[in-house]
Amino acid sequence: VSNSRHFNVAIAGATGAVGAEFLKVLADRKFPIANLKLLASARSAGKTLMFDGKPYTVEELTEHSFQDVDIALFSAGGSQSKKYADAAVRAGAVVVDNSSAFRMDPRHPLVVPEVNPEDIGTHQGIIANPNCSTIIMLMAVYPLTKLGRIKRIVVSTYQAASGAGAAGMDELVEQTREYLAEKSLTKKVFPHQYAFNLFSHNSPVTENGYNEEEMKMMKETRKILHDDQIGVTATCVRVPVLRAHSEAINIEFEGARPSLEAIRDALAAFPGVQVRDDRAANHFPMPIEVSDNYDCFVGRIRNDLSNERAVDLFVAGDQVLKGAALNAVQIAEVLIEKFMPAKK
Ligand SMILES: NC(=O)c1ccc[n+]([C@@H]2O[C@H](COP(=O)([O-])OP(=O)(O)OC[C@H]3O[C@@H](n4cnc5c(N)ncnc54)[C@H](OP(=O)(O)O)[C@@H]3O)[C@@H](O)[C@H]2O)c1
């Protein structure tokens with residue numbers, strides 16, 4: 001960040017899976033922080049977390065947490081965002097929110113910085129971070145919109161335990177141990193056996209048969225791309241992977257499909273994307289290889305033999321990073337560089 005100004009930053013949900021990544025990403029990208037405030041529930045108040053080699057004490061998140069805060073990064077769940085984001089805005093902070101609380105509210109921009117950074121400038125105090133599966137899908141799909149109008153996307157997800165936070169990862173590890181020891185399996189976070197199994201995404205199933213995760217991918221894509229016509233149909237599945245989501249995507253163009261070469265070039269040139277498409281070695285994007293990586297990996301790039309206007313590809317992305325903390329910090333970076341006037 002080429003900015004000599006420094007900002008007071010608060011992280012609501014600092015002790016969680018996304019919170020831990022916020023701390024790493026802010027330090028790694030040298031975000032210009034004056035004061036840092038770490039907030040979580042009363043359970044964590046008094047705990048110490050390290051940031052950039054220095055200890056910080058966690059405070060309880062309350063309405064009074066945001067005095068003098070310039071940027072508040074929220075990842076404490078939707079109900080905390082609904083309860084406290086307004087207090088943060090009233091105190092003068094700009095909120096970047098990781099929950100689904102504000103995503104579809106027309107007053108609040110929904111942003112993937114590589115896709116629609118200009119929307120950040122329309123904020124009224126709150127900027128929403130999209131759903132992790134939506135972000136990872138758009139990182140692979142958006143570069144292709146430059147080659148021709150996309151009419152329809154058919155996506156199937158292979159989602160990791162970390163999407164359900166630290167407790168989700170613990171459950172997969174614990175169940176795997178129990179399974180191998182031939183013990184009965186402990187289910188606290190997920191409704192079904194997770195070790196050595198997969199199941200339809202654990203978000204509530206809506207009246208139309210899609211679950212909420214699938215509906216998010218469909219609605220958020222239209223809002224981010226400013227395209228009310230684009231069709232998206234999604235099937236979201238939890239797979240026993242600890243970290244990083246993968247997605248198989250079929251993309252149908254309105255007109256003739258671009259060449260595979262043009263598609264590979266567009267993906268390779270796009271910031272935040274790496275092409276991993278080694279047909280000879282049968283080596284394509286994998287969650288273990290993309291974990292802890294800022295970029296999303298795209299491969300399996302091929303023509304759909306059943307539809308002359310469509311192509312298939314496969315993307316993997318670390319959803320705690322690009323799907324959450326990294327994307328939110330990137331939003332904050334654009335915000336301070338382009339849309340936050342200098343004080344005084
Ligand atoms: N995991 C992902 O990949 C992902 C991706 C995109 C968006 N998100 C969103 O990010 C948020 C956090 O997810 P996560 O995966 O990091 O969950 P997590 O590991 O369960 O962490 C939850 C965090 O919220 C805090 N919190 C919970 N209840 C609170 C309360 N009543 N008051 C104050 N703080 C409270 C927790 O504090 P304590 O430690 O004190 O309980 C903890 O810091 C959720 O909204 C989630 O939907 C997650």
# chains A, B, ... in the order shown; residues from 1 in each chain; ligands from 1
>>> closest_atom_pairs(of="chain A", to="ligand 1", cutoff="6 Å", atoms="only C-alpha atoms and all ligand atoms", output="tab-separated table")
residue	atom	partner	partner_atom_place_in_ligand_line	distance
A:Gly13	CA	ligand 1	43 (O)	3.2
A:Ala14	CA	ligand 1	43 (O)	4.6
A:Thr15	CA	ligand 1	43 (O)	3.7
A:Gly16	CA	ligand 1	21 (O)	3.1
A:Ala17	CA	ligand 1	16 (O)	3.7
A:Val18	CA	ligand 1	16 (O)	3.7
A:Gly19	CA	ligand 1	16 (O)	5.6
A:Ala40	CA	ligand 1	34 (N)	3.7
A:Ser41	CA	ligand 1	33 (C)	3.4
A:Arg43	CA	ligand 1	40 (O)	4.8
A:Ser44	CA	ligand 1	40 (O)	4.2
A:Leu61	CA	ligand 1	33 (C)	5.1
A:Ser75	CA	ligand 1	11 (C)	3.8
A:Ala76	CA	ligand 1	24 (O)	3.2
A:Gly77	CA	ligand 1	45 (O)	3.1
A:Gly78	CA	ligand 1	45 (O)	5.0
A:Asn98	CA	ligand 1	7 (C)	4.8
A:Ser99	CA	ligand 1	45 (O)	3.7
A:Asn131	CA	ligand 1	6 (C)	5.6
A:Cys132	CA	ligand 1	6 (C)	4.9
A:Ser162	CA	ligand 1	1 (N)	5.2
A:Gly163	CA	ligand 1	3 (O)	3.6
A:Ala164	CA	ligand 1	1 (N)	5.2
A:Gly165	CA	ligand 1	15 (O)	3.0
A:Ala166	CA	ligand 1	19 (O)	4.1
A:Gln319	CA	ligand 1	3 (O)	4.9
A:Val320	CA	ligand 1	3 (O)	4.1
A:Gly323	CA	ligand 1	5 (C)	5.4
A:Ala324	CA	ligand 1	6 (C)	4.3
>>> residues_around(residues="stretch 287-296 of chain A", least_positions_apart="5", cutoff="10 Å", atoms="only C-alpha atoms", output="JSON, numbers by chain")
{"A": [21, 25, 135, 136, 137, 139, 140, 158, 159, 160, 241, 242, 243, 244, 245, 246, 271, 272, 273, 274, 275, 276, 315, 316, 317, 318, 319, 320, 321, 322, 323, 326, 327]}
>>> write_last_selection(atoms="N, CA and C atoms", output="short mmCIF file (atom, residue, chain, number, x, y, z; two decimals), in the first residue's frame")
data_model
loop_
_atom_site.label_atom_id
_atom_site.label_comp_id
_atom_site.auth_asym_id
_atom_site.auth_seq_id
_atom_site.Cartn_x
_atom_site.Cartn_y
_atom_site.Cartn_z
N GLU A 21 -6.53 -15.19 10.12
CA GLU A 21 -5.99 -14.83 8.80
C GLU A 21 -5.92 -13.33 8.62
N VAL A 25 -2.64 -11.54 7.29
CA VAL A 25 -2.68 -10.80 6.01
C VAL A 25 -2.34 -9.32 6.23
N ILE A 135 -16.84 -15.70 -4.42
CA ILE A 135 -15.58 -15.01 -4.74
C ILE A 135 -14.70 -15.92 -5.60
N ILE A 136 -14.54 -17.18 -5.16
CA ILE A 136 -13.63 -18.09 -5.86
C ILE A 136 -14.16 -18.38 -7.27
N MET A 137 -15.46 -18.53 -7.40
CA MET A 137 -16.03 -18.75 -8.74
C MET A 137 -15.76 -17.54 -9.64
N MET A 139 -13.45 -15.30 -9.48
CA MET A 139 -12.04 -15.15 -9.85
C MET A 139 -11.74 -15.94 -11.12
N ALA A 140 -12.42 -17.07 -11.32
CA ALA A 140 -12.19 -17.87 -12.52
C ALA A 140 -13.08 -17.44 -13.68
N TYR A 158 -16.97 -28.12 -4.04
CA TYR A 158 -16.38 -29.16 -3.19
C TYR A 158 -15.80 -28.38 -2.01
N GLN A 159 -16.62 -28.16 -0.97
CA GLN A 159 -16.26 -27.17 0.05
C GLN A 159 -15.64 -27.79 1.30
N ALA A 160 -14.65 -27.07 1.82
CA ALA A 160 -13.83 -27.57 2.93
C ALA A 160 -14.49 -27.31 4.29
N VAL A 241 -12.29 -32.13 3.24
CA VAL A 241 -11.03 -31.41 3.00
C VAL A 241 -10.94 -30.40 4.13
N LEU A 242 -9.76 -30.19 4.71
CA LEU A 242 -9.67 -29.28 5.84
C LEU A 242 -9.82 -27.82 5.42
N ARG A 243 -9.12 -27.47 4.34
CA ARG A 243 -9.07 -26.05 4.00
C ARG A 243 -9.02 -25.89 2.50
N ALA A 244 -9.67 -24.89 1.96
CA ALA A 244 -9.73 -24.49 0.54
C ALA A 244 -10.87 -25.20 -0.20
N HIS A 245 -11.66 -24.35 -0.86
CA HIS A 245 -12.80 -24.85 -1.65
C HIS A 245 -12.36 -25.08 -3.09
N SER A 246 -13.02 -26.05 -3.76
CA SER A 246 -12.83 -26.25 -5.19
C SER A 246 -14.20 -26.20 -5.86
N PRO A 271 -4.94 -10.68 -12.30
CA PRO A 271 -4.31 -10.67 -10.97
C PRO A 271 -5.08 -11.57 -10.01
N GLY A 272 -4.34 -12.37 -9.25
CA GLY A 272 -5.00 -13.24 -8.26
C GLY A 272 -5.35 -14.62 -8.79
N VAL A 273 -4.99 -14.88 -10.07
CA VAL A 273 -5.27 -16.20 -10.66
C VAL A 273 -3.96 -16.80 -11.17
N GLN A 274 -3.78 -18.09 -10.94
CA GLN A 274 -2.68 -18.84 -11.57
C GLN A 274 -3.28 -20.01 -12.33
N VAL A 275 -2.81 -20.21 -13.56
CA VAL A 275 -3.27 -21.35 -14.36
C VAL A 275 -2.45 -22.57 -13.95
N ARG A 276 -3.13 -23.63 -13.54
CA ARG A 276 -2.48 -24.92 -13.18
C ARG A 276 -3.19 -25.98 -14.02
N VAL A 315 -11.65 -24.71 -10.46
CA VAL A 315 -10.91 -23.70 -9.68
C VAL A 315 -10.77 -24.17 -8.24
N ALA A 316 -9.65 -23.86 -7.63
CA ALA A 316 -9.48 -24.08 -6.19
C ALA A 316 -8.96 -22.79 -5.58
N GLY A 317 -9.49 -22.44 -4.41
CA GLY A 317 -9.07 -21.20 -3.74
C GLY A 317 -9.15 -21.37 -2.24
N ASP A 318 -8.22 -20.70 -1.53
CA ASP A 318 -8.24 -20.76 -0.07
C ASP A 318 -9.36 -19.84 0.41
N GLN A 319 -10.44 -20.44 0.87
CA GLN A 319 -11.61 -19.59 1.15
C GLN A 319 -11.47 -18.81 2.44
N VAL A 320 -10.53 -19.16 3.31
CA VAL A 320 -10.32 -18.33 4.49
C VAL A 320 -9.51 -17.09 4.10
N LEU A 321 -8.70 -17.23 3.02
CA LEU A 321 -7.93 -16.08 2.53
C LEU A 321 -8.72 -15.34 1.44
N LYS A 322 -8.64 -15.80 0.18
CA LYS A 322 -9.34 -15.04 -0.87
C LYS A 322 -10.84 -15.04 -0.65
N GLY A 323 -11.36 -16.12 -0.03
CA GLY A 323 -12.80 -16.16 0.22
C GLY A 323 -13.23 -15.34 1.42
N LEU A 326 -8.40 -12.15 3.06
CA LEU A 326 -7.63 -11.42 2.04
C LEU A 326 -8.53 -10.48 1.25
N ASN A 327 -9.67 -10.99 0.81
CA ASN A 327 -10.58 -10.15 0.01
C ASN A 327 -10.98 -8.90 0.80
#
>>> closest_residue(among="A:Pro109, A:Gly92, A:Pro32, A:Pro191", to="A:Ile331", atoms="only C-alpha atoms")
A:Pro109
>>> select_by_dssp(residues="stretch 5-42 of chain A", states="helix (DSSP H, G or I)", output="MDAnalysis selection string")
chainID A and resid 17:28 42
>>> atom_distance(atom1="atom CA of A:Ile126", atom2="atom CA of A:Glu114")
18.7 Å
>>> select_by_dssp(residues="stretch 210-244 of chain A", states="strand (DSSP E)", output="list in words")
Gly231, Val232, Thr233, Ala234, Thr235, Cys236, Val237 and Arg238 of chain A
>>> residues_around(residues="A:Lys24", least_positions_apart="4", cutoff="8 Å", atoms="only C-alpha atoms", output="VMD selection string")
chain A and resid 20 28 51 to 52
>>> write_last_selection(atoms="all heavy atoms", output="PDB file, in the first residue's frame")
ATOM      1  N   ALA A  20      -7.860 -15.005  12.540  1.00  0.00           N
ATOM      2  CA  ALA A  20      -6.434 -15.387  12.545  1.00  0.00           C
ATOM      3  C   ALA A  20      -5.791 -15.010  11.209  1.00  0.00           C
ATOM      4  O   ALA A  20      -4.644 -14.536  11.164  1.00  0.00           O
ATOM      5  CB  ALA A  20      -6.303 -16.888  12.794  1.00  0.00           C
ATOM      6  N   ASP A  28       1.380  -9.207   6.764  1.00  0.00           N
ATOM      7  CA  ASP A  28       2.096  -9.592   5.554  1.00  0.00           C
ATOM      8  C   ASP A  28       2.044  -8.491   4.487  1.00  0.00           C
ATOM      9  O   ASP A  28       3.025  -8.235   3.788  1.00  0.00           O
ATOM     10  CB  ASP A  28       1.474 -10.890   5.010  1.00  0.00           C
ATOM     11  CG  ASP A  28       2.152 -11.359   3.750  1.00  0.00           C
ATOM     12  OD1 ASP A  28       3.393 -11.451   3.769  1.00  0.00           O
ATOM     13  OD2 ASP A  28       1.466 -11.615   2.736  1.00  0.00           O
ATOM     14  N   PHE A  51       0.355 -10.057  16.915  1.00  0.00           N
ATOM     15  CA  PHE A  51       0.264  -9.410  15.599  1.00  0.00           C
ATOM     16  C   PHE A  51       1.618  -8.802  15.280  1.00  0.00           C
ATOM     17  O   PHE A  51       2.122  -7.990  16.057  1.00  0.00           O
ATOM     18  CB  PHE A  51      -0.819  -8.327  15.578  1.00  0.00           C
ATOM     19  CG  PHE A  51      -0.808  -7.512  14.306  1.00  0.00           C
ATOM     20  CD1 PHE A  51      -1.231  -8.074  13.108  1.00  0.00           C
ATOM     21  CD2 PHE A  51      -0.327  -6.204  14.294  1.00  0.00           C
ATOM     22  CE1 PHE A  51      -1.186  -7.349  11.922  1.00  0.00           C
ATOM     23  CE2 PHE A  51      -0.283  -5.468  13.114  1.00  0.00           C
ATOM     24  CZ  PHE A  51      -0.722  -6.046  11.926  1.00  0.00           C
ATOM     25  N   ASP A  52       2.191  -9.221  14.160  1.00  0.00           N
ATOM     26  CA  ASP A  52       3.463  -8.658  13.726  1.00  0.00           C
ATOM     27  C   ASP A  52       4.514  -8.752  14.838  1.00  0.00           C
ATOM     28  O   ASP A  52       5.273  -7.809  15.065  1.00  0.00           O
ATOM     29  CB  ASP A  52       3.247  -7.201  13.292  1.00  0.00           C
ATOM     30  CG  ASP A  52       4.200  -6.810  12.168  1.00  0.00           C
ATOM     31  OD1 ASP A  52       4.863  -7.710  11.609  1.00  0.00           O
ATOM     32  OD2 ASP A  52       4.273  -5.603  11.857  1.00  0.00           O
TER      33      ASP A  52
END
>>> closest_residue(among="A:Leu225, A:Leu180, A:Leu36, A:Leu110", to="A:Val96", atoms="only C-alpha atoms")
A:Leu110
>>> residues_around(residues="A:Gln330", least_positions_apart="5", cutoff="10 Å", atoms="only C-alpha atoms", output="PDB file with N, CA and C atoms, in the first residue's frame")
ATOM      1  N   VAL A   1       0.851  -1.199   0.000  1.00  0.00           N
ATOM      2  CA  VAL A   1       0.000   0.000   0.000  1.00  0.00           C
ATOM      3  C   VAL A   1       0.884   1.245   0.000  1.00  0.00           C
ATOM      4  N   VAL A  25      -2.635 -11.537   7.286  1.00  0.00           N
ATOM      5  CA  VAL A  25      -2.683 -10.800   6.014  1.00  0.00           C
ATOM      6  C   VAL A  25      -2.345  -9.320   6.227  1.00  0.00           C
ATOM      7  N   LEU A  26      -2.877  -8.723   7.305  1.00  0.00           N
ATOM      8  CA  LEU A  26      -2.593  -7.304   7.573  1.00  0.00           C
ATOM      9  C   LEU A  26      -1.093  -7.089   7.786  1.00  0.00           C
ATOM     10  N   ARG A  29       0.894  -7.829   4.370  1.00  0.00           N
ATOM     11  CA  ARG A  29       0.733  -6.808   3.334  1.00  0.00           C
ATOM     12  C   ARG A  29       1.093  -5.419   3.843  1.00  0.00           C
ATOM     13  N   PHE A  31      -0.270  -3.442   5.986  1.00  0.00           N
ATOM     14  CA  PHE A  31      -1.374  -2.480   6.017  1.00  0.00           C
ATOM     15  C   PHE A  31      -0.993  -1.363   6.989  1.00  0.00           C
ATOM     16  N   VAL A 111     -18.253  -6.568  -2.937  1.00  0.00           N
ATOM     17  CA  VAL A 111     -17.070  -6.297  -3.762  1.00  0.00           C
ATOM     18  C   VAL A 111     -16.045  -7.431  -3.777  1.00  0.00           C
ATOM     19  N   VAL A 112     -15.604  -7.753  -4.988  1.00  0.00           N
ATOM     20  CA  VAL A 112     -14.363  -8.510  -5.194  1.00  0.00           C
ATOM     21  C   VAL A 112     -13.417  -7.503  -5.855  1.00  0.00           C
ATOM     22  N   PRO A 113     -12.344  -7.078  -5.182  1.00  0.00           N
ATOM     23  CA  PRO A 113     -11.564  -5.953  -5.694  1.00  0.00           C
ATOM     24  C   PRO A 113     -11.034  -6.127  -7.119  1.00  0.00           C
ATOM     25  N   GLU A 114     -10.771  -7.352  -7.552  1.00  0.00           N
ATOM     26  CA  GLU A 114     -10.306  -7.551  -8.932  1.00  0.00           C
ATOM     27  C   GLU A 114     -11.455  -7.383  -9.940  1.00  0.00           C
ATOM     28  N   PRO A 117     -13.980  -2.994  -8.184  1.00  0.00           N
ATOM     29  CA  PRO A 117     -13.422  -2.116  -7.140  1.00  0.00           C
ATOM     30  C   PRO A 117     -14.130  -0.763  -7.074  1.00  0.00           C
ATOM     31  N   LYS A 322      -8.638 -15.799   0.180  1.00  0.00           N
ATOM     32  CA  LYS A 322      -9.335 -15.043  -0.872  1.00  0.00           C
ATOM     33  C   LYS A 322     -10.843 -15.039  -0.647  1.00  0.00           C
ATOM     34  N   ALA A 325     -10.636 -13.294   4.512  1.00  0.00           N
ATOM     35  CA  ALA A 325      -9.760 -12.259   5.086  1.00  0.00           C
ATOM     36  C   ALA A 325      -9.006 -11.463   4.026  1.00  0.00           C
ATOM     37  N   LEU A 335     -10.016   1.049  -0.467  1.00  0.00           N
ATOM     38  CA  LEU A 335     -10.736   2.098   0.254  1.00  0.00           C
ATOM     39  C   LEU A 335      -9.787   3.217   0.687  1.00  0.00           C
TER      40      LEU A 335
END
>>> residues_around(residues="A:Ala45", least_positions_apart="6", cutoff="7 Å", atoms="only C-alpha atoms", output="PyMOL selection string")
chain A and resi 58-60
